[in-house]
Every structure is written in C-alpha cells, then in structure tokens.
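Colleague: mmCIF, C-alpha atoms, file coords00.cif:
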data_work
#
loop_
_atom_site.label_atom_id
_atom_site.label_comp_id
_atom_site.auth_asym_id
_atom_site.auth_seq_id
_atom_site.Cartn_x
_atom_site.Cartn_y
_atom_site.Cartn_z
CA ASN A 1 -2.84 -2.36 29.76
CA ALA A 2 -3.62 -0.49 26.52
CA GLY A 3 -0.01 -0.04 25.30
CA VAL A 4 0.11 2.75 22.71
CA THR A 5 -3.17 4.39 21.71
CA GLN A 6 -3.79 6.83 18.87
CA THR A 7 -6.71 9.04 17.97
CA PRO A 8 -8.37 9.39 15.56
CA LYS A 9 -8.24 6.15 13.58
CA PHE A 10 -9.31 7.83 10.34
CA GLN A 11 -9.40 11.46 9.18
CA VAL A 12 -10.16 13.27 5.94
CA LEU A 13 -8.93 16.86 5.57
CA LYS A 14 -9.10 19.46 2.86
CA THR A 15 -5.90 21.10 1.66
CA GLY A 16 -4.90 23.88 4.05
CA GLN A 17 -6.79 22.55 7.07
CA SER A 18 -4.99 21.81 10.31
CA MET A 19 -5.30 18.96 12.76
CA THR A 20 -3.55 17.25 15.65
CA LEU A 21 -2.95 13.53 15.96
CA GLN A 22 -2.91 12.31 19.53
CA CYS A 23 -0.77 9.52 20.98
CA ALA A 24 -0.53 8.15 24.51
CA GLN A 25 1.37 5.27 26.08
CA ASP A 26 0.91 3.63 29.45
CA MET A 27 4.17 1.63 29.58
CA ASN A 28 6.18 4.35 31.35
CA HIS A 29 8.49 4.60 28.34
CA ASN A 30 10.85 7.56 28.08
CA SER A 31 11.04 7.81 24.28
CA MET A 32 8.29 8.34 21.74
CA TYR A 33 8.21 8.59 17.94
CA TRP A 34 6.03 9.58 15.02
CA TYR A 35 6.34 7.77 11.68
CA ARG A 36 4.52 7.92 8.39
CA GLN A 37 3.95 4.98 6.05
CA ASP A 38 3.16 5.63 2.42
CA PRO A 39 1.56 2.89 0.30
CA GLY A 40 3.92 -0.02 -0.42
CA MET A 41 6.74 1.48 1.62
CA GLY A 42 8.39 1.17 4.97
CA LEU A 43 8.11 3.66 7.80
CA ARG A 44 9.87 7.01 7.80
CA LEU A 45 10.62 8.88 11.00
CA ILE A 46 9.02 12.32 11.28
CA TYR A 47 9.91 13.44 14.82
CA TYR A 48 10.99 11.79 18.01
CA SER A 49 11.23 12.62 21.69
CA ALA A 50 14.03 11.13 23.73
CA SER A 51 12.39 12.07 27.01
CA GLU A 52 9.79 14.40 28.46
CA GLY A 53 10.53 17.96 27.44
CA THR A 54 12.70 17.18 24.41
CA THR A 55 11.85 16.74 20.73
CA ASP A 56 14.01 16.35 17.61
CA LYS A 57 13.54 16.10 13.87
CA GLY A 58 13.70 12.80 12.08
CA GLU A 59 14.00 12.05 8.39
CA VAL A 60 10.89 13.87 7.09
CA PRO A 61 9.89 16.69 9.51
CA ASN A 62 8.76 19.36 7.02
CA GLY A 63 5.11 20.34 7.42
CA TYR A 64 4.79 18.90 10.93
CA ASN A 65 5.19 20.02 14.53
CA VAL A 66 5.16 17.96 17.70
CA SER A 67 4.55 18.42 21.40
CA ARG A 68 5.68 16.12 24.20
CA LEU A 69 2.96 17.14 26.63
CA ASN A 70 4.13 14.86 29.43
CA LYS A 71 5.76 11.46 29.72
CA ARG A 72 2.64 9.70 28.43
CA GLU A 73 1.57 11.91 25.53
CA PHE A 74 3.17 12.94 22.25
CA SER A 75 1.09 14.80 19.67
CA LEU A 76 1.71 15.51 15.97
CA ARG A 77 0.29 18.63 14.35
CA LEU A 78 -0.25 19.40 10.68
CA GLU A 79 -0.58 23.18 10.44
CA SER A 80 -1.63 23.38 6.77
CA ALA A 81 -2.34 19.95 5.33
CA ALA A 82 -1.20 19.08 1.80
CA PRO A 83 -2.14 16.08 -0.41
CA SER A 84 1.46 14.86 -0.07
CA GLN A 85 0.73 14.25 3.62
CA THR A 86 -1.83 11.59 2.79
CA SER A 87 -0.44 8.59 4.64
CA VAL A 88 -0.82 6.27 7.60
CA TYR A 89 0.71 7.74 10.74
CA PHE A 90 2.12 5.53 13.48
CA CYS A 91 3.12 6.54 16.97
CA ALA A 92 5.58 4.35 18.85
CA SER A 93 7.31 4.28 22.21
CA SER A 94 10.34 2.59 23.74
CA PRO A 95 12.06 2.52 27.14
CA THR A 96 15.12 4.38 25.84
CA LEU A 97 15.98 6.19 22.64
CA PHE A 98 16.48 3.93 19.62
CA THR A 99 18.22 1.10 21.43
CA ASP A 100 15.12 -0.72 22.60
CA THR A 101 12.22 -2.39 20.88
CA GLN A 102 9.64 0.13 19.76
CA TYR A 103 5.99 -0.62 20.42
CA PHE A 104 3.55 0.79 17.91
CA GLY A 105 0.04 2.18 18.11
CA PRO A 106 -2.67 1.05 15.66
CA GLY A 107 -2.10 3.95 13.25
CA THR A 108 -4.14 6.87 11.89
CA ARG A 109 -5.15 6.79 8.25
CA LEU A 110 -5.12 10.39 6.97
CA THR A 111 -6.39 11.52 3.58
CA VAL A 112 -5.85 15.09 2.40
CA LEU A 113 -8.03 16.12 -0.52
CA ALA B 114 23.86 7.37 5.52
CA GLN B 115 21.99 4.52 7.13
CA LYS B 116 20.21 2.11 4.78
CA ILE B 117 18.19 -1.10 4.91
CA THR B 118 17.69 -3.23 1.80
CA GLN B 119 15.06 -5.94 1.47
CA THR B 120 15.53 -7.43 -2.00
CA GLN B 121 12.47 -9.71 -2.02
CA PRO B 122 9.26 -7.75 -2.69
CA GLY B 123 7.23 -10.96 -2.44
CA MET B 124 7.80 -14.50 -1.21
CA PHE B 125 5.71 -17.66 -1.25
CA VAL B 126 6.11 -20.61 1.12
CA GLN B 127 4.19 -23.82 1.64
CA GLU B 128 2.50 -24.25 5.01
CA LYS B 129 4.75 -26.02 7.56
CA GLU B 130 7.93 -25.25 5.62
CA ALA B 131 10.67 -22.81 6.69
CA VAL B 132 11.31 -19.52 4.92
CA THR B 133 14.12 -16.94 5.01
CA LEU B 134 13.47 -13.25 4.45
CA ASP B 135 16.57 -11.31 3.47
CA CYS B 136 17.79 -8.04 4.97
CA THR B 137 21.07 -6.25 4.42
CA TYR B 138 22.06 -3.01 6.08
CA ASP B 139 24.61 -0.25 5.89
CA THR B 140 25.68 1.98 8.75
CA SER B 141 28.74 3.72 10.12
CA ASP B 142 27.53 3.23 13.69
CA GLN B 143 29.39 0.74 15.87
CA SER B 144 26.38 0.18 18.12
CA TYR B 145 22.98 -0.46 16.60
CA GLY B 146 19.93 -2.65 16.85
CA LEU B 147 18.26 -4.71 14.15
CA PHE B 148 14.57 -5.49 14.33
CA TRP B 149 11.94 -7.35 12.42
CA TYR B 150 8.30 -6.32 12.43
CA LYS B 151 5.22 -8.01 10.99
CA GLN B 152 2.40 -5.99 9.48
CA PRO B 153 -0.72 -8.05 8.72
CA SER B 154 -3.41 -6.79 6.39
CA SER B 155 -5.13 -5.17 9.38
CA GLY B 156 -2.26 -2.67 9.46
CA GLU B 157 -0.77 -2.86 12.93
CA MET B 158 2.99 -3.21 13.46
CA ILE B 159 3.93 -6.24 15.53
CA PHE B 160 7.44 -6.64 16.97
CA LEU B 161 8.96 -10.05 16.22
CA ILE B 162 12.65 -10.15 17.13
CA TYR B 163 15.64 -7.98 18.05
CA GLN B 164 19.41 -8.37 17.56
CA GLY B 165 21.98 -6.05 19.10
CA SER B 166 25.15 -5.37 17.16
CA TYR B 167 27.30 -6.66 20.01
CA ASP B 168 25.26 -9.81 20.61
CA GLU B 169 27.37 -12.83 19.72
CA GLN B 170 24.52 -15.29 19.51
CA ASN B 171 21.71 -15.14 16.99
CA ALA B 172 18.39 -14.06 18.49
CA THR B 173 15.49 -16.49 18.66
CA GLU B 174 11.84 -15.96 19.60
CA GLY B 175 9.71 -19.07 19.25
CA ARG B 176 9.44 -19.87 15.53
CA TYR B 177 11.44 -16.77 14.60
CA SER B 178 15.22 -16.59 14.45
CA LEU B 179 17.52 -13.91 13.18
CA ASN B 180 20.55 -15.04 11.16
CA PHE B 181 22.98 -12.23 11.99
CA GLN B 182 26.18 -12.04 9.94
CA LYS B 183 27.90 -8.85 11.00
CA ALA B 184 30.79 -8.99 8.54
CA ARG B 185 28.34 -9.36 5.66
CA LYS B 186 25.97 -6.78 7.20
CA SER B 187 23.02 -9.09 6.91
CA ALA B 188 20.19 -9.84 9.34
CA ASN B 189 17.91 -12.39 7.73
CA LEU B 190 14.68 -13.52 9.39
CA VAL B 191 14.00 -17.25 9.46
CA ILE B 192 10.46 -18.43 10.12
CA SER B 193 10.22 -22.14 10.85
CA ALA B 194 7.09 -24.25 10.33
CA SER B 195 5.15 -21.53 8.48
CA GLN B 196 1.49 -21.05 9.33
CA LEU B 197 -1.30 -19.47 7.31
CA GLY B 198 -1.39 -16.65 9.85
CA ASP B 199 2.19 -15.74 8.94
CA SER B 200 0.95 -14.23 5.67
CA ALA B 201 1.80 -10.54 6.05
CA MET B 202 4.27 -7.81 5.20
CA TYR B 203 7.59 -8.08 7.04
CA PHE B 204 9.85 -5.12 7.71
CA CYS B 205 13.49 -5.12 8.67
CA ALA B 206 14.57 -2.04 10.64
CA MET B 207 17.75 -0.64 12.10
CA LEU B 208 17.92 1.73 15.03
CA GLY B 209 21.25 3.42 15.64
CA THR B 210 22.51 5.24 18.66
CA ASN B 211 23.15 8.44 16.68
CA ALA B 212 20.31 10.90 16.90
CA GLY B 213 17.64 10.56 14.26
CA LYS B 214 18.76 7.18 13.03
CA SER B 215 15.71 4.99 12.55
CA THR B 216 15.55 3.25 9.19
CA PHE B 217 13.05 0.76 7.81
CA GLY B 218 13.28 -1.35 4.67
CA ASP B 219 10.52 -1.34 2.07
CA GLY B 220 9.24 -4.71 3.25
CA THR B 221 8.68 -8.24 1.95
CA THR B 222 5.19 -9.62 1.44
CA LEU B 223 5.04 -13.25 2.56
CA THR B 224 2.23 -15.50 1.40
CA VAL B 225 1.83 -18.91 3.03
CA LYS B 226 0.08 -21.46 0.81
CA PRO B 227 -2.05 -24.26 2.30
#
Now, as a test, write the supplied structure out as structure tokens.

Modeller:
Amino acid sequence: NAGVTQTPKFQVLKTGQSMTLQCAQDMNHNSMYWYRQDPGMGLRLIYYSASEGTTDKGEVPNGYNVSRLNKREFSLRLESAAPSQTSVYFCASSPTLFTDTQYFGPGTRLTVL
Amino acid sequence: AQKITQTQPGMFVQEKEAVTLDCTYDTSDQSYGLFWYKQPSSGEMIFLIYQGSYDEQNATEGRYSLNFQKARKSANLVISASQLGDSAMYFCAMLGTNAGKSTFGDGTTLTVKP
C-alpha cells in the first residue's frame, strides 16, 4: 500500500519552461489537493479536487493548472515557470473534502532559475 | 478570513518531559476540523491528531493529545514523555467545510534535548 506518491522528487527548471507534477493515491479517496511550502512557512493550498471530474482554486492558484485524470490521479502543471514558484510541492488526499484527515505524499522540490 | 496562529517559532524540551505547542485559530465556520502534523527534517508531512469542532472530548493518540478550548479558539498539542525522535517542525491546520478553506500555521520547531 503506497499511499500517496509523487513524481518527480526533484526538478530544476529555467524561467519560462513548463512541467507537470504527477500525483497518485491508492486509498480510494475522493478528494485530492495540491499545496506549496515555501522555506520556513506552512502549506498554502493551490488547487483541490472534491471528487473525480471537479477541480477548484485554493489560496494561491495563479500560474498553475490542474487535471483530475481519474479518481487516483491529480496532476499540477506549471505552464511558464517563474522563480517565485521555487518551492516544495505536496500532494494530499482525503476520503471527503476538507473534513477528513489529509494524507500527504513525499513532496517535490522544485527550483526555477 | 480563516487564520491559524502559532506563536512559538521554536521550543526546547528535555527528553521524557511533556511539552505544549500552542495554536489559536479564527474562523466564521460552525463546522471545522483542527489537525496537527509533524514534519521531520526529511520533509514528509505526518498526521498526528484530529479534533472536530463538535467533538466534546479532547482527542488523544498515544503520546499526543489535543487541548481543545472552543470558546478561546485554541487547539494546543500536548506531547507527553518527549523522545529525541520528536524533534521536528509541527504544524497546526484548520480545514473548514466552506470551499477552499484549508489553512496552515507557520509552524513550531521543537527540539528535544537528551
């Protein structure tokens, strides 16, 4: 039982490049989330998906897009990376939206030069 | 607006002693959940304990307990019998039922001394 997996673990981009962060969960959870964590700070919600087929903006959605491919997978895309997007990105899932414990993946450390 | 405040950037505790990490919150929601997560230096986020806003009893999970005082809007984490492996960053978080409401505090770094 892998829980929540994320790929890649590390990535370095140049300004203006694009990339997609992948997330998958095998706990049959309905809801999934993407957060970013900047140095010395807590997590901020980028986007979330209440269930398959739905996505909504969180606190800091600008510069990102998401896709809920199926119940298991929720991807985060940076269309034109900027240095301000240098951060650690966490994917999480929970049985229902916001009212259950969220289980986190190991994180992706992204650096934009 | 929803807000979590952790006023202790860093805390020290002697091994085997108890420690309390403070968390206060602000929300207009009537139904919400309060969580504590541990983030060791390796970076992963580990769920510790959950308290629902309508739960009348304080939550406990092994050595962790949550001192929930709804009128004061506080949800302090108590770790009993501290261990060296408890050294980590601890985050208080609130998840509300209104869409988009997921708020984390800035964290408290706990160092357990031998």

Colleague: Take the PyMOL selection byres ((chain A) within 10 of (chain B)), apply it to the structure above, and return the hits as a ChimeraX atom specification.

Modeller: /A:33,35,37,40-48,50,56-59,88,90,92,97-107,109

Colleague: Apply the PyMOL selection byres ((chain B and resi 196) around 9) to the file shown and report the selected residues as an MDAnalysis selection string.

Modeller: chainID B and resid 127:130 193:195 197:200 225:227

Colleague: Could you write those residues out with C-alpha atoms, as a JSON list (two decimals), in the frame of the given file?

Modeller:
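Just written: result-v1.json:
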[["chain", "number", "residue", "atom", "x", "y", "z"],
["B", 127, "GLN", "CA", 4.19, -23.82, 1.64],
["B", 128, "GLU", "CA", 2.50, -24.25, 5.01],
["B", 129, "LYS", "CA", 4.75, -26.02, 7.56],
["B", 130, "GLU", "CA", 7.93, -25.25, 5.62],
["B", 193, "SER", "CA", 10.22, -22.14, 10.85],
["B", 194, "ALA", "CA", 7.09, -24.25, 10.33],
["B", 195, "SER", "CA", 5.15, -21.53, 8.48],
["B", 197, "LEU", "CA", -1.30, -19.47, 7.31],
["B", 198, "GLY", "CA", -1.39, -16.65, 9.85],
["B", 199, "ASP", "CA", 2.19, -15.74, 8.94],
["B", 200, "SER", "CA", 0.95, -14.23, 5.67],
["B", 225, "VAL", "CA", 1.83, -18.91, 3.03],
["B", 226, "LYS", "CA", 0.08, -21.46, 0.81],
["B", 227, "PRO", "CA", -2.05, -24.26, 2.30]]

Colleague: What is the distance between atom CA of A:Glu52 and atom CA of B:Ile117, in Å to one decimal?

Modeller: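 Taking atom CA of A:Glu52 as the start and atom CA of B:Ile117 as the end point, the length is 29.4 Å.
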
Colleague: Report as a list in words the full result of the PyMOL selection byres ((chain A and resi 26) around 10) when it is applied to this structure.

Modeller: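 Evaluating the PyMOL selection byres ((chain A and resi 26) around 10) on these coordinates yields Asn1, Ala2, Gly3, Val4, Thr5, Ala24, Gln25, Met27, Asn28, His29, Lys71, Arg72, Glu73 and Ser93 of chain A.
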
Colleague: Between A:Leu76, A:Pro83, A:Thr96, A:Thr54, which is the closest to A:Leu21 once you count only C-alpha atoms?

Modeller: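 Nearest to A:Leu21: A:Leu76.
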
Colleague: What gap, in Å, lies between atom CA of A:Thr86 and atom CA of A:Tyr64?

Modeller: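 Computing it gives 12.8 Å between the two atoms.
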
Colleague: Could you tell me how far atom CA of B:Arg176 lies from atom CA of B:Asn189, in Å and to one decimal?

Modeller: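 Result for atom CA of B:Arg176 versus atom CA of B:Asn189: 13.7 Å, one decimal.
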
Colleague: List the spatial neighbours of B:Val132 as a list in words - criterion: any atom at most 7 Å away, all atoms listed in the file, same-chain residues fewer than 5 positions off excluded.

Modeller: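 Once the adjacent positions are removed, what remains is Val126, Val191, Ile192 and Ser193 of chain B.
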
Colleague: Restricting the output to C-alpha atoms, write the selected residues as a CSV table (one decimal), in the frame of the given file.

Modeller:
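Output below, filename part.csv:
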chain,number,residue,atom,x,y,z
B,126,VAL,CA,6.1,-20.6,1.1
B,191,VAL,CA,14.0,-17.2,9.5
B,192,ILE,CA,10.5,-18.4,10.1
B,193,SER,CA,10.2,-22.1,10.8

Colleague: Just checking: using all atoms listed in the file, which residue out of A:Arg68, A:Lys9, A:Arg77, A:Arg36 ends up closest to A:Cys91?

Modeller: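 Nearest to A:Cys91: A:Arg36.
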
Colleague: Mind checking which residues fall within 12 Å of B:Gln182, counting only C-alpha atoms, ignoring those fewer than 6 positions away in the same chain, and posting them as a list in words?

Modeller: Asp135, Cys136, Thr137, Tyr138, Leu147, Gln164, Gly165, Ser166, Tyr167, Asp168, Glu169, Gln170, Asn171, Ala172, Ala188, Asn189 and Leu190 of chain B

Colleague: Give me, as number ranges by chain, all polymer residues having an atom no more than 6 Å from B:Leu223, counting all atoms listed in the file and skipping those fewer than 3 positions away in the same chain.

Modeller: B: 123-125, 200-201

Colleague: Go through A:Cys23, A:Ala82, A:Ser87, A:Thr108 and flag the residue nearest A:Asn70, using all atoms listed in the file for the distances.

Modeller: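 Comparing A:Cys23, A:Ala82, A:Ser87, A:Thr108 against A:Asn70, the winner is A:Cys23.
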
Colleague: Choose the residue, out of A:Ser67, A:Asp38, A:Tyr89, A:Leu113, that has the smallest atom-to-atom separation from A:Phe10; count all atoms listed in the file.

Modeller: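 The answer is A:Tyr89, which sits nearest to A:Phe10.
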
Colleague: Pick out the residues sitting within 9 Å of A:Met19, and hand them over as a list in words; count only C-alpha atoms, and ignore anything fewer than 5 positions along from it in its own chain.

Modeller: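 Once the nearby chain positions are removed, what remains is Leu13, Leu76, Arg77, Leu78, Glu79, Ser80 and Ala81 of chain A.
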